[in-house]
Amino acid sequence: NFFSPSVDYKMQMVIIGDRHVGKTCFLERYTDHRFQQESKSTVGIDFRMKTVTVAGQRVRLQIWDTAGQERFNSITTAYYRNARGIILIYDVTNPETYLNISKWLDLVHEYARNDAEVAIVGNKADLPDVQVNPLKARNFAEKWGYLFYETSAKESLNVETVFVNLVYKILKQI
Ligand code: GDP
Ligand code: MG
C-alpha cells in the first residue's frame, strides 16, 4: 500500500513470567493505551503489533504474550527462538514470582538466541504492599547485563520506557 509507511526494522519480542503478574495488561497498556482490571487469562500464546521510532529508526514490533502456566511451556518456548527482546515480568507484591525468575531464565538460556536482550520488569509498582526489594532486583539484573524497571500497567508507569530502551539496546547490536 502506497500510504503505509515503511519501516527500517522488524523485530519480535516475547513477554514471559508467572501467571497473574500482569503480562497481558502490560502489553495492552503499551499497544492500546488502556488498562482492564478484570483479567482474561491468556491461553497459550497471542500477539500484538506496534511501530515505534527509536534513535531515528522506525521499528515494527511483533510482541508475543505468553501464558505463564508450565503446561504451556512447550508451546511458548517455541516463540523464544525468533525473539530479539525478552521481557520477563514479576509482580512486586508477590515474592514467589520474583524467585521464579531463575526458572524463566533457564528457559531463556535453553531456547532463546544468544544475542537476545532481556529486560527484568517488576510490575504492579502502584500497589502499596511492595514485597520485593527493587535495589536487589536491579543489582541482580545488572549483574547479568539485563535492563531493569519497575512498572505499573495500571498507572502507565515506565511501560513505554521498557520497550524503548529494549529496542534501543537491540538496535545498537544490529
Ligand atoms: P498475566 O496472567 O501475567 O497476563 O496477568 P494479567 O495481565 O491478566 O493481570 C493479572 C491481574 O493483575 C489482573 O487482575 C490485573 O488487573 C492485575 N494487574 C496487572 N497489571 C497491574 C498493575 O500494574 N497494577 C495493579 N494494581 N494490578 C495489575
Ligand atoms: Mg495473560
# chains A, B, ... in the order shown; residues from 1 in each chain; ligands from 1
call {"tool": "select_by_dssp", "arguments": {"residues": "chain A", "states": "strand (DSSP E)", "output": "PyMOL selection string"}}
result
chain A and resi 9-16+45-54+57-66+85-91+117-123+147-150
call {"tool": "residues_near_ligand", "arguments": {"ligand": "ligand 1", "cutoff": "7 Å", "atoms": "only C-alpha atoms and all ligand atoms", "output": "PyMOL selection string"}}
result
chain A and resi 17-26+36-42+67-68+123-127+151-155
call {"tool": "write_last_selection", "arguments": {"atoms": "C-alpha atoms", "output": "PDB file, in the first residue's frame"}}
result
ATOM      1  CA  GLY A  17       6.762 -14.656  33.622  1.00  0.00           C
ATOM      2  CA  ASP A  18       4.418 -16.325  36.090  1.00  0.00           C
ATOM      3  CA  ARG A  19       0.671 -16.161  35.661  1.00  0.00           C
ATOM      4  CA  HIS A  20      -1.058 -13.075  37.045  1.00  0.00           C
ATOM      5  CA  VAL A  21       1.998 -10.809  37.118  1.00  0.00           C
ATOM      6  CA  GLY A  22       0.326  -8.557  34.543  1.00  0.00           C
ATOM      7  CA  LYS A  23       1.870  -9.617  31.213  1.00  0.00           C
ATOM      8  CA  THR A  24      -1.328  -9.130  29.217  1.00  0.00           C
ATOM      9  CA  CYS A  25      -2.168  -5.833  30.949  1.00  0.00           C
ATOM     10  CA  PHE A  26       1.390  -4.608  30.371  1.00  0.00           C
ATOM     11  CA  GLN A  36      -8.717  -3.531  32.049  1.00  0.00           C
ATOM     12  CA  GLN A  37      -8.949  -4.589  35.670  1.00  0.00           C
ATOM     13  CA  GLU A  38     -10.734  -7.884  35.108  1.00  0.00           C
ATOM     14  CA  SER A  39      -8.223 -10.276  33.632  1.00  0.00           C
ATOM     15  CA  LYS A  40      -8.880 -12.775  30.908  1.00  0.00           C
ATOM     16  CA  SER A  41      -6.292 -15.457  31.271  1.00  0.00           C
ATOM     17  CA  THR A  42      -4.131 -15.989  28.211  1.00  0.00           C
ATOM     18  CA  ALA A  67       0.578 -17.927  29.210  1.00  0.00           C
ATOM     19  CA  GLY A  68       2.534 -18.315  32.464  1.00  0.00           C
ATOM     20  CA  ASN A 123       5.103  -4.811  37.630  1.00  0.00           C
ATOM     21  CA  LYS A 124       2.251  -3.541  39.868  1.00  0.00           C
ATOM     22  CA  ALA A 125       4.514  -0.848  41.363  1.00  0.00           C
ATOM     23  CA  ASP A 126       1.381   1.241  42.007  1.00  0.00           C
ATOM     24  CA  LEU A 127       0.385  -1.079  44.880  1.00  0.00           C
ATOM     25  CA  THR A 151       6.380  -0.613  36.131  1.00  0.00           C
ATOM     26  CA  SER A 152       2.671  -0.212  36.536  1.00  0.00           C
ATOM     27  CA  ALA A 153       0.430  -1.279  33.702  1.00  0.00           C
ATOM     28  CA  LYS A 154      -2.421   0.227  35.681  1.00  0.00           C
ATOM     29  CA  GLU A 155      -0.922   3.697  36.117  1.00  0.00           C
TER      30      GLU A 155
END
call {"tool": "residues_around", "arguments": {"residues": "stretch 69-85 of chain A", "least_positions_apart": "6", "cutoff": "8 Å", "atoms": "only C-alpha atoms", "output": "MDAnalysis selection string"}}
result
chainID A and resid 11:14 18:19 44:45 107:108 111:113 115:119 166:167 170
call {"tool": "write_last_selection", "arguments": {"atoms": "C-alpha atoms", "output": "mmCIF file, in the first residue's frame"}}
result
data_model
loop_
_atom_site.group_PDB
_atom_site.id
_atom_site.type_symbol
_atom_site.label_atom_id
_atom_site.label_comp_id
_atom_site.auth_asym_id
_atom_site.auth_seq_id
_atom_site.Cartn_x
_atom_site.Cartn_y
_atom_site.Cartn_z
ATOM 1 C CA MET A 11 11.599 -7.293 15.483
ATOM 2 C CA GLN A 12 9.908 -9.892 17.575
ATOM 3 C CA MET A 13 9.679 -9.716 21.338
ATOM 4 C CA VAL A 14 8.209 -12.093 23.860
ATOM 5 C CA ASP A 18 4.418 -16.325 36.090
ATOM 6 C CA ARG A 19 0.671 -16.161 35.661
ATOM 7 C CA GLY A 44 -1.150 -20.472 25.057
ATOM 8 C CA ILE A 45 0.020 -17.525 23.003
ATOM 9 C CA LEU A 107 14.160 -21.471 29.672
ATOM 10 C CA VAL A 108 15.563 -18.324 28.044
ATOM 11 C CA TYR A 111 15.500 -21.691 23.899
ATOM 12 C CA ALA A 112 16.314 -18.053 23.072
ATOM 13 C CA ARG A 113 19.006 -16.642 20.815
ATOM 14 C CA ASP A 115 22.097 -12.272 21.485
ATOM 15 C CA ALA A 116 18.557 -11.769 22.776
ATOM 16 C CA GLU A 117 18.308 -8.755 25.081
ATOM 17 C CA VAL A 118 16.482 -9.309 28.360
ATOM 18 C CA ALA A 119 14.551 -6.812 30.485
ATOM 19 C CA LEU A 166 14.981 -2.582 24.872
ATOM 20 C CA VAL A 167 14.633 -1.591 21.205
ATOM 21 C CA ILE A 170 18.861 -4.206 20.270
#
call {"tool": "atom_distance", "arguments": {"atom1": "atom CA of A:Lys10", "atom2": "atom CA of A:Arg34"}}
result
24.3 Å
call {"tool": "closest_residue", "arguments": {"among": "A:Gln62, A:Ile120, A:Asp91, A:Val52", "to": "A:Trp144", "atoms": "only C-alpha atoms"}}
result
A:Ile120
call {"tool": "residues_around", "arguments": {"residues": "A:Val164", "least_positions_apart": "3", "cutoff": "10 Å", "atoms": "only C-alpha atoms", "output": "short mmCIF file (atom, residue, chain, number, x, y, z; two decimals) with N, CA and C atoms, in the first residue's frame"}}
result
data_model
loop_
_atom_site.label_atom_id
_atom_site.label_comp_id
_atom_site.auth_asym_id
_atom_site.auth_seq_id
_atom_site.Cartn_x
_atom_site.Cartn_y
_atom_site.Cartn_z
N VAL A 52 7.30 1.65 16.49
CA VAL A 52 7.93 2.72 17.30
C VAL A 52 9.09 3.32 16.53
N THR A 53 9.38 4.57 16.84
CA THR A 53 10.59 5.19 16.30
C THR A 53 11.57 5.38 17.44
N VAL A 54 12.73 4.75 17.29
CA VAL A 54 13.77 4.83 18.32
C VAL A 54 15.08 5.17 17.62
N ALA A 55 15.76 6.19 18.11
CA ALA A 55 17.02 6.64 17.52
C ALA A 55 16.87 6.86 16.01
N ASN A 158 6.35 3.68 33.31
CA ASN A 158 7.55 3.02 32.74
C ASN A 158 7.28 1.97 31.66
N VAL A 159 6.05 1.80 31.25
CA VAL A 159 5.75 0.73 30.28
C VAL A 159 6.43 1.04 28.93
N GLU A 160 6.22 2.27 28.44
CA GLU A 160 6.89 2.69 27.19
C GLU A 160 8.41 2.59 27.33
N THR A 161 8.89 3.03 28.49
CA THR A 161 10.34 3.06 28.75
C THR A 161 10.98 1.70 28.53
N VAL A 167 14.42 -1.77 22.65
CA VAL A 167 14.63 -1.59 21.20
C VAL A 167 15.97 -0.88 20.97
N TYR A 168 16.23 0.14 21.77
CA TYR A 168 17.48 0.89 21.63
C TYR A 168 18.70 -0.02 21.79
N LYS A 169 18.63 -0.88 22.80
CA LYS A 169 19.74 -1.80 23.08
C LYS A 169 19.92 -2.80 21.93
N ILE A 170 18.80 -3.25 21.38
CA ILE A 170 18.86 -4.21 20.27
C ILE A 170 19.43 -3.53 19.03
#
call {"tool": "atom_distance", "arguments": {"atom1": "atom CA of A:Ala141", "atom2": "atom CA of A:Met49"}}
result
26.7 Å
call {"tool": "closest_residue", "arguments": {"among": "A:Leu27, A:Leu147, A:Leu105, A:Leu135", "to": "ligand 2", "atoms": "only C-alpha atoms and all ligand atoms"}}
result
A:Leu27
call {"tool": "decode", "arguments": {"residues": "stretch 61-74 of chain A", "atoms": "all heavy atoms", "output": "tab-separated table (two decimals), in the first residue's frame"}}
result
chain	number	residue	atom	x	y	z
A	61	LEU	N	7.26	-3.77	15.74
A	61	LEU	CA	7.38	-4.81	16.77
A	61	LEU	C	6.23	-5.80	16.67
A	61	LEU	O	5.08	-5.40	16.55
A	61	LEU	CB	7.35	-4.18	18.16
A	61	LEU	CG	8.49	-3.24	18.53
A	61	LEU	CD1	8.22	-2.66	19.92
A	61	LEU	CD2	9.81	-3.98	18.51
A	62	GLN	N	6.57	-7.05	16.73
A	62	GLN	CA	5.57	-8.09	16.93
A	62	GLN	C	5.83	-8.65	18.32
A	62	GLN	O	6.89	-9.22	18.59
A	62	GLN	CB	5.70	-9.18	15.88
A	62	GLN	CG	4.64	-10.26	16.03
A	62	GLN	CD	4.69	-11.28	14.91
A	62	GLN	OE1	5.77	-11.57	14.37
A	62	GLN	NE2	3.55	-11.85	14.55
A	63	ILE	N	4.88	-8.44	19.22
A	63	ILE	CA	5.11	-8.76	20.63
A	63	ILE	C	4.22	-9.93	21.03
A	63	ILE	O	2.99	-9.85	20.98
A	63	ILE	CB	4.83	-7.54	21.52
A	63	ILE	CG1	5.56	-6.29	20.99
A	63	ILE	CG2	5.25	-7.85	22.96
A	63	ILE	CD1	4.89	-4.99	21.37
A	64	TRP	N	4.86	-11.00	21.44
A	64	TRP	CA	4.14	-12.22	21.83
A	64	TRP	C	3.83	-12.19	23.30
A	64	TRP	O	4.71	-11.92	24.12
A	64	TRP	CB	4.97	-13.45	21.47
A	64	TRP	CG	5.15	-13.61	20.00
A	64	TRP	CD1	6.19	-13.14	19.23
A	64	TRP	CD2	4.25	-14.23	19.09
A	64	TRP	NE1	5.98	-13.46	17.91
A	64	TRP	CE2	4.80	-14.13	17.79
A	64	TRP	CE3	3.01	-14.89	19.24
A	64	TRP	CZ2	4.17	-14.65	16.66
A	64	TRP	CZ3	2.39	-15.41	18.12
A	64	TRP	CH2	2.96	-15.28	16.84
A	65	ASP	N	2.59	-12.49	23.62
A	65	ASP	CA	2.12	-12.55	25.01
A	65	ASP	C	1.88	-14.01	25.33
A	65	ASP	O	1.11	-14.69	24.64
A	65	ASP	CB	0.80	-11.75	25.11
A	65	ASP	CG	0.19	-11.80	26.50
A	65	ASP	OD1	0.92	-12.08	27.47
A	65	ASP	OD2	-1.02	-11.53	26.60
A	66	THR	N	2.56	-14.51	26.35
A	66	THR	CA	2.50	-15.94	26.64
A	66	THR	C	1.66	-16.22	27.88
A	66	THR	O	1.43	-15.37	28.70
A	66	THR	CB	3.92	-16.49	26.89
A	66	THR	OG1	4.49	-15.82	28.02
A	66	THR	CG2	4.81	-16.27	25.68
A	67	ALA	N	1.24	-17.47	27.99
A	67	ALA	CA	0.58	-17.93	29.21
A	67	ALA	C	1.66	-18.37	30.19
A	67	ALA	O	2.64	-18.99	29.79
A	67	ALA	CB	-0.35	-19.08	28.89
A	68	GLY	N	1.49	-18.03	31.48
A	68	GLY	CA	2.53	-18.32	32.46
A	68	GLY	C	2.56	-19.75	32.97
A	68	GLY	O	3.54	-20.19	33.54
A	69	GLN	N	1.49	-20.49	32.75
A	69	GLN	CA	1.43	-21.83	33.33
A	69	GLN	C	2.40	-22.79	32.64
A	69	GLN	O	2.56	-22.74	31.43
A	69	GLN	CB	0.02	-22.42	33.24
A	69	GLN	CG	-1.02	-21.66	34.04
A	69	GLN	CD	-1.76	-20.65	33.18
A	69	GLN	OE1	-1.13	-19.93	32.40
A	69	GLN	NE2	-3.07	-20.61	33.29
A	70	GLU	N	3.01	-23.63	33.46
A	70	GLU	CA	4.02	-24.53	32.94
A	70	GLU	C	3.51	-25.44	31.82
A	70	GLU	O	4.24	-25.79	30.92
A	70	GLU	CB	4.58	-25.39	34.06
A	70	GLU	CG	6.07	-25.18	34.27
A	70	GLU	CD	6.50	-25.63	35.65
A	70	GLU	OE1	6.52	-26.85	35.87
A	70	GLU	OE2	6.77	-24.76	36.49
A	71	ARG	N	2.22	-25.80	31.90
A	71	ARG	CA	1.71	-26.73	30.88
A	71	ARG	C	1.75	-26.11	29.48
A	71	ARG	O	1.63	-26.82	28.49
A	71	ARG	CB	0.31	-27.21	31.24
A	71	ARG	CG	-0.76	-26.14	31.20
A	71	ARG	CD	-2.02	-26.61	31.91
A	71	ARG	NE	-2.82	-25.50	32.36
A	71	ARG	CZ	-3.82	-24.98	31.68
A	71	ARG	NH1	-4.17	-25.48	30.50
A	71	ARG	NH2	-4.48	-23.95	32.15
A	72	PHE	N	1.92	-24.80	29.39
A	72	PHE	CA	2.01	-24.16	28.07
A	72	PHE	C	3.45	-23.96	27.60
A	72	PHE	O	3.67	-23.47	26.50
A	72	PHE	CB	1.30	-22.80	28.07
A	72	PHE	CG	-0.19	-22.89	28.19
A	72	PHE	CD1	-0.84	-22.30	29.26
A	72	PHE	CD2	-0.94	-23.56	27.24
A	72	PHE	CE1	-2.22	-22.37	29.37
A	72	PHE	CE2	-2.33	-23.64	27.35
A	72	PHE	CZ	-2.97	-23.05	28.42
A	73	ASN	N	4.42	-24.33	28.44
A	73	ASN	CA	5.81	-24.02	28.11
A	73	ASN	C	6.28	-24.61	26.78
A	73	ASN	O	7.07	-23.99	26.08
A	73	ASN	CB	6.76	-24.47	29.23
A	73	ASN	CG	6.74	-23.50	30.40
A	73	ASN	OD1	6.06	-22.47	30.34
A	73	ASN	ND2	7.47	-23.82	31.44
A	74	SER	N	5.76	-25.79	26.45
A	74	SER	CA	6.20	-26.40	25.19
A	74	SER	C	5.73	-25.59	23.99
A	74	SER	O	6.37	-25.57	22.95
A	74	SER	CB	5.71	-27.84	25.09
A	74	SER	OG	4.30	-27.85	25.13
